[in-house]
file input02.cif (mmCIF, C-alpha atoms)
data_upload
#
loop_
_atom_site.label_atom_id
_atom_site.label_comp_id
_atom_site.auth_asym_id
_atom_site.auth_seq_id
_atom_site.Cartn_x
_atom_site.Cartn_y
_atom_site.Cartn_z
CA MET A 185 24.48 23.58 10.97
CA SER A 186 21.30 25.54 10.37
CA ALA A 187 23.39 28.66 9.86
CA SER A 188 25.21 26.98 6.97
CA LEU A 189 21.93 26.02 5.25
CA SER A 190 21.20 29.55 4.08
CA PHE A 191 20.04 30.20 0.51
CA SER A 192 22.52 32.26 -1.44
CA ARG A 193 21.60 33.04 -5.03
CA ARG A 194 23.77 30.24 -6.41
CA LYS A 195 22.37 27.71 -3.95
CA THR A 196 18.83 28.73 -4.82
CA GLY A 197 19.71 28.19 -8.48
CA ARG A 198 21.05 24.71 -7.80
CA PHE A 199 17.99 23.92 -5.69
CA TRP A 200 15.60 24.85 -8.51
CA ILE A 201 17.68 22.92 -11.04
CA ILE A 202 17.36 19.79 -8.91
CA LEU A 203 13.65 20.33 -8.35
CA ALA A 204 13.04 20.86 -12.08
CA CYS A 205 15.10 17.77 -12.98
CA LEU A 206 13.21 15.67 -10.44
CA LEU A 207 9.84 16.87 -11.72
CA CYS A 208 10.83 16.09 -15.31
CA LEU A 209 12.19 12.67 -14.33
CA GLY A 210 9.16 11.89 -12.20
CA SER A 211 6.67 12.79 -14.90
CA ALA A 212 8.71 10.90 -17.51
CA ALA A 213 8.68 7.83 -15.29
CA GLY A 214 4.97 8.26 -14.65
CA LEU A 215 4.20 8.51 -18.37
CA ILE A 216 6.36 5.48 -19.19
CA LEU A 217 4.77 3.38 -16.47
CA ASN A 218 1.31 4.50 -17.56
CA ALA A 219 2.05 3.59 -21.17
CA LEU A 220 3.47 0.21 -20.15
CA SER A 221 0.82 -0.52 -17.51
CA SER A 222 -0.73 -3.34 -19.52
CA THR A 223 2.68 -5.02 -19.87
CA ILE A 224 3.69 -4.55 -16.25
CA VAL A 225 0.73 -6.51 -14.88
CA PHE A 226 1.96 -9.91 -13.86
CA PHE A 227 -1.19 -11.77 -14.86
CA MET A 228 -4.55 -11.41 -16.66
CA ALA A 229 -7.89 -11.97 -14.97
CA PRO A 230 -10.26 -14.67 -16.33
CA SER A 231 -12.80 -12.04 -17.45
CA GLN A 232 -10.07 -10.31 -19.51
CA VAL A 233 -8.98 -13.60 -21.04
CA VAL A 234 -12.57 -14.53 -21.94
CA ALA A 235 -13.42 -11.06 -23.30
CA HIS A 236 -10.23 -10.68 -25.34
CA PRO A 237 -8.87 -14.19 -25.95
CA PRO A 238 -5.13 -14.15 -26.74
CA ALA A 239 -3.75 -16.07 -29.70
CA PRO A 240 -3.70 -19.82 -28.92
CA SER A 241 0.08 -19.86 -29.42
CA GLN A 242 0.67 -16.97 -27.02
CA THR A 243 1.87 -17.78 -23.50
CA ILE A 244 0.05 -15.74 -20.85
CA ARG A 245 -0.34 -15.72 -17.10
CA LEU A 246 -3.83 -16.26 -15.74
CA GLY A 247 -4.56 -15.16 -12.17
CA GLY A 248 -7.57 -15.61 -9.94
CA MET A 249 -9.14 -17.63 -7.18
CA VAL A 250 -9.57 -21.40 -7.35
CA VAL A 251 -13.32 -22.09 -7.34
CA ALA A 252 -14.49 -24.22 -4.41
CA GLY A 253 -15.41 -27.74 -5.49
CA SER A 254 -13.80 -27.41 -8.91
CA LEU A 255 -10.50 -29.16 -8.11
CA HIS A 256 -10.12 -32.65 -9.59
CA THR A 257 -6.82 -34.43 -9.26
CA SER A 258 -5.81 -37.76 -10.75
CA HIS A 259 -2.59 -39.49 -9.93
CA ALA A 260 -1.80 -42.64 -11.86
CA THR A 261 1.11 -44.48 -10.27
CA ASP A 262 3.38 -44.28 -13.31
CA SER A 263 2.75 -40.71 -14.43
CA THR A 264 2.99 -37.14 -13.17
CA PRO A 265 -0.04 -35.94 -11.18
CA GLU A 266 -2.75 -34.15 -13.14
CA ALA A 267 -5.02 -31.43 -11.86
CA ARG A 268 -8.06 -29.64 -13.29
CA PHE A 269 -9.60 -26.63 -11.57
CA ASP A 270 -11.52 -23.45 -12.34
CA VAL A 271 -10.01 -19.99 -11.79
CA THR A 272 -12.35 -17.03 -11.32
CA ASP A 273 -12.21 -13.29 -10.69
CA GLY A 274 -15.88 -13.15 -9.71
CA GLN A 275 -17.03 -12.32 -13.24
CA ALA A 276 -15.81 -15.19 -15.40
CA ALA A 277 -14.21 -18.57 -14.80
CA VAL A 278 -11.63 -20.44 -16.87
CA THR A 279 -10.85 -24.15 -16.51
CA VAL A 280 -7.16 -24.87 -16.06
CA GLN A 281 -5.44 -28.17 -16.89
CA TYR A 282 -2.09 -28.78 -15.26
CA GLN A 283 0.38 -31.67 -15.20
CA GLY A 284 2.83 -31.43 -12.35
CA ILE A 285 3.17 -30.86 -8.64
CA LEU A 286 1.05 -28.03 -7.23
CA PRO A 287 2.69 -25.65 -4.70
CA ASP A 288 2.10 -26.25 -0.98
CA LEU A 289 -0.19 -23.26 -0.57
CA PHE A 290 -2.45 -24.38 -3.43
CA ARG A 291 -6.02 -25.04 -2.27
CA GLU A 292 -9.58 -24.16 -3.19
CA GLY A 293 -10.28 -20.53 -2.28
CA GLN A 294 -6.60 -19.58 -2.74
CA SER A 295 -5.47 -17.14 -5.41
CA VAL A 296 -3.15 -18.68 -7.99
CA VAL A 297 -1.24 -17.56 -11.06
CA ALA A 298 -0.95 -20.08 -13.90
CA LEU A 299 1.44 -19.76 -16.85
CA GLY A 300 0.23 -21.32 -20.08
CA ARG A 301 -1.94 -21.03 -23.20
CA TYR A 302 -5.65 -20.38 -23.70
CA ASP A 303 -7.30 -22.05 -26.70
CA GLY A 304 -10.73 -20.45 -26.35
CA HIS A 305 -12.19 -23.20 -24.19
CA GLY A 306 -9.65 -24.11 -21.56
CA PHE A 307 -6.27 -23.09 -20.23
CA THR A 308 -3.33 -25.49 -20.37
CA ALA A 309 -0.82 -24.53 -17.71
CA SER A 310 2.87 -25.33 -17.68
CA GLU A 311 3.44 -23.76 -14.26
CA VAL A 312 1.14 -22.94 -11.34
CA LEU A 313 2.13 -20.50 -8.56
CA ALA A 314 0.17 -19.88 -5.37
CA LYS A 315 -0.54 -16.23 -4.59
CA HIS A 316 -0.69 -15.55 -0.88
CA ASP A 317 -2.97 -12.81 0.42
CA GLU A 318 -1.80 -10.18 2.90
CA THR A 319 -3.42 -11.83 5.91
CA TYR A 320 -1.42 -13.73 8.50
CA MET A 321 -3.08 -15.54 11.40
CA PRO A 322 -2.27 -18.37 13.81
CA LYS A 323 -3.94 -21.74 13.35
CA GLU A 324 -6.12 -21.25 16.44
CA VAL A 325 -7.66 -18.09 14.99
CA ALA A 326 -8.25 -19.72 11.61
CA ASP A 327 -9.92 -22.67 13.34
CA ALA A 328 -12.03 -20.40 15.54
CA LEU A 329 -13.15 -18.33 12.54
CA GLN A 330 -14.17 -21.47 10.67
CA LYS A 331 -15.90 -23.00 13.70
CA SER A 332 -17.89 -19.83 14.29
CA GLY A 333 -19.03 -20.00 10.67
CA ARG A 334 -17.64 -16.56 9.83
CA TRP A 335 -15.19 -17.82 7.23
CA ASN A 336 -14.73 -20.79 4.97
CA PRO A 337 -11.25 -20.79 3.41
CA ARG A 338 -12.65 -22.56 0.34
CA PHE A 339 -14.65 -19.47 -0.61
CA GLY A 340 -12.01 -16.78 -0.47
CA PRO A 341 -9.88 -14.58 1.75
CA PRO A 342 -10.59 -14.24 5.49
CA PRO A 343 -12.63 -11.35 6.94
CA ASP A 344 -11.01 -8.06 7.96
CA ALA A 345 -8.32 -8.59 10.58
CA ALA A 346 -9.79 -5.97 12.90
CA SER A 347 -12.85 -8.21 13.35
CA TRP A 348 -10.88 -11.21 14.58
CA ASN A 349 -7.76 -9.77 16.18
CA SER A 350 -9.37 -9.89 19.62
CA MET A 351 -9.64 -13.65 19.08
CA THR A 352 -5.85 -13.96 19.22
CA ALA A 353 -5.79 -14.05 23.00
CA PRO A 354 -6.12 -17.77 23.80
CA PRO A 355 -8.82 -17.85 26.56
CA PRO A 356 -11.79 -16.16 24.78
CA ILE A 357 -11.54 -18.47 21.75
CA GLN A 358 -13.20 -21.35 23.56
CA THR A 359 -16.03 -19.23 24.99
CA THR A 360 -16.91 -17.31 21.82
CA GLY A 361 -17.77 -19.02 18.56
CA SER A 362 -21.47 -19.23 17.81
CA GLY A 363 -20.81 -22.45 15.87
CA ALA A 364 -20.34 -24.38 19.12
CA THR A 365 -23.73 -23.32 20.43
CA GLU A 366 -25.63 -24.21 17.30
CA MET B 286 31.58 27.78 -7.42
CA ARG B 287 33.65 28.19 -4.26
CA PRO B 288 31.74 29.04 -1.08
CA SER B 289 32.67 32.30 0.58
CA PRO B 290 35.42 32.06 3.24
CA SER B 291 33.12 32.80 6.15
CA SER B 292 30.63 30.07 5.27
CA SER B 293 33.41 27.60 4.48
CA GLY B 294 34.71 28.26 7.97
CA ARG B 295 31.33 27.33 9.42
CA TRP B 296 31.09 24.24 7.26
CA ALA B 297 34.43 23.00 8.38
CA GLN B 298 33.08 23.01 11.90
CA SER B 299 30.10 20.84 11.16
CA PRO B 300 31.96 17.48 11.01
CA ALA B 301 33.57 18.44 14.31
CA ARG B 302 30.16 19.24 15.74
CA PHE B 303 28.83 15.94 14.42
CA LEU B 304 31.67 14.08 16.17
CA HIS B 305 31.01 16.01 19.36
CA VAL B 306 27.23 15.49 19.35
CA THR B 307 27.23 11.81 18.36
CA ARG B 308 29.99 10.74 20.74
CA PRO B 309 27.75 10.06 23.78
CA VAL B 310 24.91 8.68 21.62
CA THR B 311 26.60 6.01 19.51
CA VAL B 312 27.31 3.25 22.02
CA PRO B 313 23.93 3.56 23.86
CA CYS B 314 22.16 3.47 20.48
CA LEU B 315 24.04 0.31 19.56
CA LEU B 316 23.38 -1.41 22.90
CA LEU B 317 19.71 -0.43 22.90
CA GLY B 318 19.34 -1.54 19.28
CA LEU B 319 20.96 -4.92 19.93
CA THR B 320 18.81 -5.48 23.03
CA VAL B 321 15.58 -4.62 21.22
CA LEU B 322 16.68 -6.69 18.23
CA ALA B 323 17.48 -9.74 20.37
CA THR B 324 14.11 -9.41 22.13
CA GLY B 325 12.24 -9.10 18.85
CA LEU B 326 14.06 -11.97 17.14
CA VAL B 327 13.60 -14.38 20.07
CA TRP B 328 9.95 -13.34 20.33
CA GLY B 329 9.32 -13.66 16.61
CA LEU B 330 11.39 -16.76 15.87
CA CYS B 331 10.57 -18.78 19.00
CA PHE B 332 7.33 -17.56 20.60
CA ALA B 333 5.13 -15.94 17.94
CA PRO B 334 2.58 -18.33 16.43
CA ALA B 335 3.08 -20.04 13.08
CA ASP B 336 0.75 -19.08 10.23
CA TRP B 337 -2.27 -21.33 9.75
CA GLN B 338 -1.37 -22.21 6.15
CA GLN B 339 2.28 -21.21 5.69
CA GLY B 340 3.43 -22.82 8.92
CA GLU B 341 6.87 -21.92 10.24
CA THR B 342 8.10 -20.29 7.02
CA VAL B 343 6.13 -17.17 7.96
CA ARG B 344 8.95 -16.38 10.42
CA ILE B 345 11.09 -15.22 7.46
CA MET B 346 8.89 -12.13 7.74
CA TYR B 347 10.74 -10.99 10.89
CA LEU B 348 13.88 -10.53 8.78
CA HIS B 349 12.36 -9.75 5.37
CA VAL B 350 10.11 -6.84 6.36
CA PRO B 351 12.72 -4.92 8.46
CA MET B 352 15.25 -5.32 5.63
CA ALA B 353 12.78 -3.93 3.08
CA TRP B 354 12.05 -1.01 5.42
CA LEU B 355 15.76 -0.34 6.09
CA ALA B 356 16.62 -0.48 2.38
CA SER B 357 13.90 2.07 1.56
CA ALA B 358 14.64 4.34 4.53
CA GLY B 359 18.36 4.17 3.77
CA TYR B 360 17.70 5.32 0.23
CA VAL B 361 15.63 8.25 1.49
CA LEU B 362 18.66 9.17 3.62
CA LEU B 363 20.94 8.94 0.55
CA ALA B 364 18.58 11.26 -1.34
CA LEU B 365 18.45 13.78 1.53
CA CYS B 366 22.25 13.71 1.68
CA GLY B 367 22.17 14.19 -2.08
CA VAL B 368 20.18 17.43 -1.75
CA LEU B 369 22.51 18.68 0.99
CA SER B 370 25.66 17.93 -0.93
CA PHE B 371 24.42 19.10 -4.33
CA VAL B 372 22.73 22.33 -3.28
CA TRP B 373 24.77 23.30 -0.24
CA ARG B 374 27.99 21.33 -0.90
CA HIS B 375 27.65 20.13 2.66
CA PRO B 376 30.79 18.09 3.49
CA LEU B 377 29.12 16.03 6.24
CA ALA B 378 26.29 14.95 3.91
CA GLY B 379 28.86 13.59 1.46
CA VAL B 380 30.52 11.51 4.18
CA ILE B 381 27.18 10.15 5.42
CA ALA B 382 26.18 9.26 1.86
CA LEU B 383 29.53 7.52 1.42
CA GLU B 384 29.02 5.46 4.56
CA ALA B 385 25.28 4.76 4.22
CA GLY B 386 25.60 3.08 0.81
CA PRO B 387 27.07 -0.34 1.72
CA PRO B 388 24.73 -1.05 4.69
CA GLY B 389 21.76 0.01 2.55
CA ALA B 390 22.87 -2.26 -0.28
CA ALA B 391 23.25 -5.10 2.24
CA ALA B 392 19.70 -4.50 3.50
CA ALA B 393 18.32 -4.52 -0.05
CA ALA B 394 20.26 -7.71 -0.84
CA LEU B 395 19.01 -9.41 2.34
CA CYS B 396 15.47 -8.34 1.52
CA LEU B 397 15.77 -9.95 -1.92
CA ILE B 398 17.46 -13.11 -0.59
CA THR B 399 15.00 -13.68 2.26
CA GLY B 400 12.14 -12.94 -0.12
CA SER B 401 13.46 -15.54 -2.52
CA LEU B 402 13.81 -18.11 0.29
CA TRP B 403 10.22 -17.31 1.31
CA GLY B 404 8.91 -17.41 -2.25
CA LYS B 405 9.94 -20.98 -2.94
CA PRO B 406 7.88 -22.66 -0.17
CA GLY B 407 5.07 -20.09 -0.42
CA TRP B 408 4.48 -19.29 -4.07
CA GLY B 409 6.35 -22.23 -5.56
CA THR B 410 9.10 -20.16 -7.20
CA TRP B 411 12.36 -18.48 -6.18
CA TRP B 412 11.85 -15.46 -8.39
CA VAL B 413 9.32 -13.90 -10.76
CA TRP B 414 9.61 -10.65 -12.70
CA ASP B 415 6.59 -8.98 -11.15
CA ALA B 416 6.53 -5.24 -10.45
CA ARG B 417 7.34 -5.44 -6.71
CA LEU B 418 10.28 -7.81 -7.02
CA THR B 419 11.71 -6.05 -10.07
CA SER B 420 11.49 -2.56 -8.57
CA MET B 421 13.21 -3.84 -5.40
CA LEU B 422 15.99 -5.32 -7.55
CA VAL B 423 16.31 -1.92 -9.25
CA LEU B 424 16.76 -0.34 -5.79
CA PHE B 425 19.60 -2.78 -5.08
CA PHE B 426 21.27 -1.80 -8.38
CA LEU B 427 20.79 1.90 -7.53
CA TYR B 428 22.63 1.28 -4.26
CA VAL B 429 25.46 -0.51 -6.11
CA GLY B 430 25.65 2.32 -8.63
CA HIS B 431 25.80 4.89 -5.83
CA ILE B 432 28.54 2.97 -4.00
CA LEU B 433 30.63 2.83 -7.19
CA THR B 434 29.97 6.42 -8.34
CA ILE B 435 30.80 8.12 -5.07
CA ARG B 436 34.18 6.36 -5.01
CA ALA B 437 34.96 6.64 -8.72
CA PHE B 438 36.57 10.10 -8.81
CA ASP B 439 39.99 11.24 -7.65
CA ASP B 440 38.37 14.41 -6.35
CA PRO B 441 35.94 13.22 -3.65
CA MET B 442 33.74 16.29 -4.07
CA ARG B 443 33.09 15.43 -7.73
CA GLY B 444 32.19 11.89 -6.73
CA GLN B 445 29.81 13.18 -4.09
CA ARG B 446 28.09 15.48 -6.56
CA ALA B 447 27.69 12.76 -9.20
CA ALA B 448 26.42 10.28 -6.61
CA ALA B 449 24.03 12.90 -5.25
CA LEU B 450 22.46 13.24 -8.68
CA LEU B 451 22.18 9.45 -9.00
CA ALA B 452 20.58 9.20 -5.54
CA LEU B 453 18.06 11.91 -6.40
CA ALA B 454 17.17 10.39 -9.77
CA GLY B 455 16.67 7.00 -8.10
CA VAL B 456 14.07 8.39 -5.71
CA VAL B 457 11.57 7.73 -8.52
CA ASP B 458 11.90 4.03 -7.70
CA LEU B 459 10.67 4.37 -4.10
CA PRO B 460 6.98 5.13 -4.84
CA ILE B 461 7.09 2.46 -7.54
CA ILE B 462 8.21 -0.12 -4.95
CA LYS B 463 5.62 1.06 -2.44
CA PHE B 464 2.62 1.22 -4.76
CA SER B 465 3.54 -1.55 -7.22
CA VAL B 466 1.28 -3.98 -5.38
CA GLN B 467 -1.65 -1.58 -5.71
CA TRP B 468 -1.12 -0.21 -9.23
CA TRP B 469 -0.58 -3.55 -10.97
CA ASN B 470 -1.54 -7.08 -10.11
CA THR B 471 1.58 -8.78 -8.84
CA LEU B 472 2.45 -12.16 -7.40
CA HIS B 473 3.61 -10.34 -4.27
CA GLN B 474 0.66 -9.73 -1.93
CA PRO B 475 -0.46 -6.17 -1.02
CA ASP B 476 0.90 -4.53 2.12
CA SER B 477 -0.30 -6.10 5.38
CA ILE B 478 0.63 -3.00 7.39
CA THR B 479 -0.61 0.45 6.39
CA LEU B 480 -0.41 3.80 8.13
CA THR B 481 -4.16 4.28 8.14
CA GLY B 482 -5.80 0.90 8.64
CA ALA B 483 -5.45 -1.92 11.12
CA PRO B 484 -2.76 -4.46 10.17
CA ALA B 485 -4.06 -7.48 8.24
CA MET B 486 -2.28 -9.85 10.54
CA SER B 487 -2.70 -11.30 13.98
CA MET B 488 -1.51 -8.95 16.73
CA SER B 489 0.56 -11.88 18.09
CA MET B 490 2.65 -11.60 14.89
CA PHE B 491 2.41 -7.83 14.44
CA HIS B 492 3.95 -6.93 17.81
CA PRO B 493 7.16 -9.00 17.42
CA LEU B 494 7.43 -7.66 13.85
CA LEU B 495 7.31 -4.09 15.18
CA VAL B 496 9.96 -4.87 17.81
CA CYS B 497 12.21 -6.52 15.20
CA THR B 498 11.82 -3.53 12.88
CA LEU B 499 12.64 -1.09 15.69
CA GLY B 500 15.64 -3.20 16.72
CA PHE B 501 17.03 -3.42 13.18
CA THR B 502 16.45 0.33 12.70
CA LEU B 503 18.30 1.31 15.90
CA THR B 504 21.13 -1.12 15.15
CA GLY B 505 21.37 0.16 11.58
CA LEU B 506 21.45 3.74 12.83
CA ALA B 507 24.22 2.86 15.29
CA LEU B 508 26.14 1.14 12.49
CA LEU B 509 25.83 4.28 10.34
CA LEU B 510 26.97 6.49 13.25
CA ILE B 511 29.99 4.25 13.86
CA ARG B 512 30.93 4.19 10.17
CA THR B 513 30.54 7.97 9.78
CA ARG B 514 32.46 8.73 12.96
CA ALA B 515 35.27 6.40 11.90
CA ALA B 516 35.47 8.04 8.47
CA LEU B 517 35.54 11.55 9.97
CA LEU B 518 38.17 10.60 12.54
CA GLU B 519 40.26 8.97 9.83
CA ARG B 520 40.14 12.16 7.79
CA ARG B 521 41.10 14.23 10.81
CA ALA B 522 44.03 11.90 11.53
CA GLN B 523 45.17 12.13 7.92
CA SER B 524 45.00 15.92 7.82
CA LEU B 525 46.87 16.13 11.14
CA ALA B 526 49.54 13.81 9.78
CA LEU B 527 49.89 15.97 6.66
CA ARG B 528 49.99 19.20 8.59
CA GLU B 529 52.59 18.15 11.14
CA PRO B 530 55.19 15.92 9.52
CA PRO B 531 57.36 14.16 12.09
CA ALA B 532 60.50 16.15 12.79
#

call {"tool": "encode", "arguments": {"input": "input02.cif", "output": "structure tokens"}}
result
Amino acid sequence: MSASLSFSRRKTGRFWIILACLLCLGSAAGLILNALSSTIVFFMAPSQVVAHPPAPSQTIRLGGMVVAGSLHTSHATDSTPEARFDVTDGQAAVTVQYQGILPDLFREGQSVVALGRYDGHGFTASEVLAKHDETYMPKEVADALQKSGRWNPRFGPPPDAASWNSMTAPPPIQTTGSGATE
Amino acid sequence: MRPSPSSSGRWAQSPARFLHVTRPVTVPCLLLGLTVLATGLVWGLCFAPADWQQGETVRIMYLHVPMAWLASAGYVLLALCGVLSFVWRHPLAGVIALEAGPPGAAAAALCLITGSLWGKPGWGTWWVWDARLTSMLVLFFLYVGHILTIRAFDDPMRGQRAAALLALAGVVDLPIIKFSVQWWNTLHQPDSITLTGAPAMSMSMFHPLLVCTLGFTLTGLALLLIRTRAALLERRAQSLALREPPA
């Protein structure tokens, strides 16, 4: 087969045509994506929303982490559940009002994306989605990390996986964990 | 545009060489792939731990991630075949491209379906138009377009050339899929597994995921070998039937 892959003049021509077309197409796509980059983002961060407030009638998506201790839920027996919580990106926080059922993964310290309107003071959401981070761990590891005081899920994502992956093996979990000795 | 007689003679041999070389490999590849796949699926679905907050739904990963990998790798194969058939008019590359399309489209579809089934309990929605999900849907449509284009012409060589161009143009989508979760904020989380860093998941989940991915890859490769061999043998049978009409 290698013998048949020789470069005659015509083949070289076709090869360069393809390469040139691909380069043109690639740079065109890159320029388009760069120009559209503000539209392609799925959500805005609270600091962006506070710095450049959108029109009150405009529907936007707000994304960030639910601030620990900010979640207040009320559930009257005859109405849909109501929730109020703050969403932050570390620089600014926006209070979100939401009527409806929150997704299962919703909790303080979790990233969420809320769809709704911002009136300059608060955000009224019509839909709230939970954004999962890229970390996966068994319950035992999560418990061990919390017991050892190295991580509180209410304050953000877990530490780097390389630091706890040795904890996966069941026996050492009981012996390690400085929290137990305190 | 016709290749010279001597090189066309060599080219005609290459499908025969492919049949000869792949004959002893195909069945072992399939058996090995199915064994590894069964091991990985039983490990992942029955023995690997559940996630601390997602619970059992995290097991969708053992199907979702290999399908995303196979769909992307399959498209790279289509593009390589595209170069071979467009520049060198390689007949074998055209046949492989013809046969790799439907399994690749199936992998992309399964990736989207399992992702949707995972999204509902996890995120709270079946589908959002974020960059990762949309670019993966575009890959599925590219596969469908390739499948249709390569079969749309009476002259199979013209179909192969048109499909080769489509496959090459669609390569632009692959880096967009890969880096969408880094370039833009998306609902889809960033990659847990990277080439350079340690995986952001428990090793007790990472190992079965690797075995599942290897198993799906070997099985997919065997499927492609079987499809390509069948197509080549069918062609040979047809040409023999045309050459020697029954007396």

call {"tool": "residues_around", "arguments": {"input": "input02.cif", "residues": "range 204-210 of chain A", "least_positions_apart": "4", "cutoff": "10 Å", "atoms": "all atoms listed in the file", "output": "ChimeraX atom specification"}}
result
/A:198-200,214-216 /B:450,453-458

call {"tool": "resolve_selection", "arguments": {"input": "input02.cif", "expression": "the PyMOL selection byres ((chain B) within 8 of (chain A))", "output": "PyMOL selection string"}}
result
chain B and resi 292+295-296+299+334-339+368+371-373+406-410+414-416+453-454+457+469-477+483-490

call {"tool": "resolve_selection", "arguments": {"input": "input02.cif", "expression": "the PyMOL selection byres ((chain B and resi 511) around 10)", "output": "ChimeraX atom specification"}}
result
/B:307-308,311-312,315,384,505-510,512-517

call {"tool": "resolve_selection", "arguments": {"input": "input02.cif", "expression": "the PyMOL selection byres ((chain A and resi 284) around 6)", "output": "list of chain:residue names"}}
result
A:Thr264, A:Pro265, A:Gln283, A:Ile285

call {"tool": "closest_residue", "arguments": {"input": "input02.cif", "among": "B:Leu326, B:Val380, B:Val350, B:Ala385", "to": "Gly444 in chain B", "atoms": "all atoms listed in the file"}}
result
B:Val380

call {"tool": "atom_distance", "arguments": {"input": "input02.cif", "atom1": "CA of Ser254 in chain A", "atom2": "CA of Gly340 in chain A"}}
result
13.7 Å

call {"tool": "closest_residue", "arguments": {"input": "input02.cif", "among": "A:Gly293, A:Ser263, A:Phe307, A:Met249", "to": "Pro237 in chain A", "atoms": "all atoms listed in the file"}}
result
A:Phe307

call {"tool": "atom_distance", "arguments": {"input": "input02.cif", "atom1": "CA of Thr243 in chain A", "atom2": "CA of Tyr302 in chain A"}}
result
8.0 Å

call {"tool": "atom_distance", "arguments": {"input": "input02.cif", "atom1": "CA of Cys497 in chain B", "atom2": "CA of Pro351 in chain B"}}
result
6.9 Å

call {"tool": "residues_around", "arguments": {"input": "input02.cif", "residues": "Leu451 in chain B", "least_positions_apart": "4", "cutoff": "8 Å", "atoms": "all atoms listed in the file", "output": "list of chain:residue names"}}
result
B:Leu427, B:Gly430, B:His431, B:Ala447, B:Gly455

call {"tool": "axis_aligned_box", "arguments": {"input": "input02.cif", "around": "range 391-408 of chain B", "padding_each_side": "8 Å", "output": "lines of an AutoDock Vina configuration file"}}
result
center_x = 13.9
center_y = -13.6
center_z = -0.3
size_x = 34.8
size_y = 34.2
size_z = 23.6

call {"tool": "closest_residue", "arguments": {"input": "input02.cif", "among": "A:Ser310, A:Gln294, A:Thr257, A:Ser332", "to": "Arg245 in chain A", "atoms": "only C-alpha atoms"}}
result
A:Ser310

call {"tool": "closest_residue", "arguments": {"input": "input02.cif", "among": "A:Pro230, A:Ala219, A:Pro337, A:Leu329", "to": "Gln275 in chain A", "atoms": "all atoms listed in the file"}}
result
A:Pro230

call {"tool": "decode", "arguments": {"input": "input02.cif", "residues": "range 258-269 of chain A", "atoms": "N, CA and C atoms", "output": "PDB file, in the first residue's frame"}}
result
ATOM      1  N   SER A 258     -39.536  28.156  51.189  1.00  0.00           N
ATOM      2  CA  SER A 258     -40.830  28.174  51.876  1.00  0.00           C
ATOM      3  C   SER A 258     -41.768  27.307  51.054  1.00  0.00           C
ATOM      4  N   HIS A 259     -42.560  26.538  51.735  1.00  0.00           N
ATOM      5  CA  HIS A 259     -43.440  25.630  51.026  1.00  0.00           C
ATOM      6  C   HIS A 259     -44.804  25.637  51.700  1.00  0.00           C
ATOM      7  N   ALA A 260     -45.644  26.577  51.287  1.00  0.00           N
ATOM      8  CA  ALA A 260     -47.028  26.545  51.768  1.00  0.00           C
ATOM      9  C   ALA A 260     -47.731  25.341  51.158  1.00  0.00           C
ATOM     10  N   THR A 261     -48.676  24.774  51.897  1.00  0.00           N
ATOM     11  CA  THR A 261     -49.267  23.499  51.477  1.00  0.00           C
ATOM     12  C   THR A 261     -50.021  23.625  50.160  1.00  0.00           C
ATOM     13  N   ASP A 262     -50.587  24.797  49.876  1.00  0.00           N
ATOM     14  CA  ASP A 262     -51.446  24.904  48.704  1.00  0.00           C
ATOM     15  C   ASP A 262     -50.759  25.588  47.519  1.00  0.00           C
ATOM     16  N   SER A 263     -49.466  25.829  47.607  1.00  0.00           N
ATOM     17  CA  SER A 263     -48.819  26.537  46.501  1.00  0.00           C
ATOM     18  C   SER A 263     -47.541  25.815  46.099  1.00  0.00           C
ATOM     19  N   THR A 264     -46.967  26.266  44.966  1.00  0.00           N
ATOM     20  CA  THR A 264     -45.690  25.695  44.534  1.00  0.00           C
ATOM     21  C   THR A 264     -44.584  26.155  45.483  1.00  0.00           C
ATOM     22  N   PRO A 265     -43.544  25.323  45.675  1.00  0.00           N
ATOM     23  CA  PRO A 265     -42.472  25.706  46.581  1.00  0.00           C
ATOM     24  C   PRO A 265     -41.726  26.938  46.065  1.00  0.00           C
ATOM     25  N   GLU A 266     -41.273  27.764  46.992  1.00  0.00           N
ATOM     26  CA  GLU A 266     -40.519  28.958  46.640  1.00  0.00           C
ATOM     27  C   GLU A 266     -39.122  28.851  47.207  1.00  0.00           C
ATOM     28  N   ALA A 267     -38.151  29.356  46.465  1.00  0.00           N
ATOM     29  CA  ALA A 267     -36.779  29.328  46.956  1.00  0.00           C
ATOM     30  C   ALA A 267     -36.122  30.678  46.692  1.00  0.00           C
ATOM     31  N   ARG A 268     -35.253  31.085  47.621  1.00  0.00           N
ATOM     32  CA  ARG A 268     -34.453  32.292  47.432  1.00  0.00           C
ATOM     33  C   ARG A 268     -33.016  31.941  47.805  1.00  0.00           C
ATOM     34  N   PHE A 269     -32.085  32.264  46.927  1.00  0.00           N
ATOM     35  CA  PHE A 269     -30.682  31.940  47.210  1.00  0.00           C
ATOM     36  C   PHE A 269     -29.784  32.905  46.466  1.00  0.00           C
TER      37      PHE A 269
END
